[in-house]
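Notes for the one structure printed next.
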Amino acid sequence: MSRRLALPYAFWMALFVVAPLVIVLFYALTTEAGGFGLENFIKLQVYVPVFLRSLWLAFIATVLCLLIGYPAAYILSRETPSVQNSAILLMMLPMWMNFLLRTYAWMSILEDQGLINNLLRSLRLPALNMINTQGAVVLGMVYNYLPFMILPIFTIIQKIPPSMTEAAQDLGANSRRVFRRVVFPLSLPGVLSGVTMVFVPSVSTFVISKLLGGGKQLLLGDLIEMQFLGGAYNLHLGSMISIVMMLIVLAGIQIMNRFGSREEVALP
């Protein structure tokens with residue numbers, strides 16, 4: 001009976017998950033002439049700089065989100081429930097706005113005649129070239145994906161029983177040692193979850209790089225869009241890029257999961 005109840009779900013997964021992946025794989029392994037081969041994979045050598053740039057910028061954005069998000073989550077976990085609820089609400093409010101509109105807002109802030117440069121000019125300071133740079137792209141990633149780093153870490157830290165930290169303090173550990181030996185190891189599952197939730201969309205984004213990078217900072221998402229919707233229009237090459245990007249992301253997730261399985265300490 002239970003297997004029959006799962007049939008609609010299995011049908012849905014096969015139709016909307018497995019079938020599209022099979023179609024993409026088919027296009028990736030075929031040429032425009034209809035033959036099978038690795039011709040599209042060989043063509044990817046030209047786009048190695050794009051792969052490296054995407055991974056590098058996604059890595060920087062993930063590290064920055066972790067450096068900002070972990071202290072924020074730790075401090076938030078020590079606040080009263082009313083403060084926590086207010087902070088989470090303020091954190092989620094921008095997420096209710098359209099992703100595209102939020103990125104457009106940063107364009108008006110960072111552009112040459114934007115808010116920051118106008119403020120600098122009013123203070124008789126030199127204007128900064130911020131828009132259409134890698135820094136602007138990373139800033140857009142951090143702004144859009146920072147909540148995905150804070151919330152998992154906050155949830156895990158909040159679940160750590162106070163008795164564990166109190167026991168460490170009773171045994172003579174100071175606050176720094178308690179954090180290093182108790183809080184941080186127990187919060188690693190949240191850290192790994194946050195890293196995954198930030199890195200994956202960062203490495204595949206195309207809206208942020210297009211608007212804040214001005215098309216000058218080509219990333220994997222932009223490259224795939226060019227092959228499917230742009231003037232290049234090569235479904236076979238675009239499919240191969242998508243498959244390779246997916247394999248890179250899956251490899252990264254697998255590495256982080258193995259690291260987490262070694263370091264994770266079960267909460268009581």
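As shown in the structure tokens, the chain order sets the letters A, B, ...; within each chain, residues go from 1, and ligands are also counted from 1 in the order they appear.
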Range 132-142 of chain A environment, 9 Å, only C-alpha atoms, sequence neighbours closer than 6 positions dropped, as an MDAnalysis selection string: chainID A and resid 57:58 60:62 64:65 103 106:107 110:111 198 201:202 205 208:217
Expected answer as a ChimeraX atom specification: helix (DSSP H, G or I) residues in range 19-181 of chain A: /A:19-28,39-77,81-96,99-110,115-122,134-159,162-170,175-181
Counting only C-alpha atoms, the option among A:Gln227, A:Thr165, A:Asn40, A:Ser242 closest to Val24 in chain A: A:Ser242
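With distances restricted to only C-alpha atoms, A:Met130 is the closest residue to Asp112 in chain A from A:Val195, A:Met130, A:Met95, A:Leu44.
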Interatomic distance, CA of Ser54 in chain A to CA of Ile150 in chain A (Å, one decimal):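 Those two atoms sit 22.7 Å apart.
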Residues within 10 Å of Ala28 in chain A, only C-alpha atoms, excluding chain neighbours under 5 positions, as a list in words: Val22, Ile23, Phe36, Gly37, Leu38, Glu39, Asn40, Phe41, Leu235, His236, Leu237, Gly238, Ser239, Met240, Ile241, Ser242, Ile243 and Val244 of chain A
One-decimal distance in Å that lies between CA of Leu223 in chain A and CA of Pro49 in chain A: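 Pair CA of Pro49 in chain A / CA of Leu223 in chain A returns 11.6 Å.
The list of residues with at least one atom within 10 Å of Asn85 in chain A, based on only C-alpha atoms and without residues fewer than 6 positions apart in the same chain, reads Leu76, Glu79 and Met91 of chain A.
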Counting only C-alpha atoms, the residue of A:Arg258, A:Met197, A:Leu188, A:Ala105 that sits nearest Pro147 in chain A: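 Checking each of A:Arg258, A:Met197, A:Leu188, A:Ala105 against Pro147 in chain A, counting only C-alpha atoms, the winner is A:Met197.
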Minimum-distance residue to Arg53 in chain A, chosen among A:Ala19, A:Val183, A:Leu220, A:Val178 (using only C-alpha atoms):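 Between A:Ala19, A:Val183, A:Leu220, A:Val178, the residue approaching Arg53 in chain A most closely is A:Leu220.
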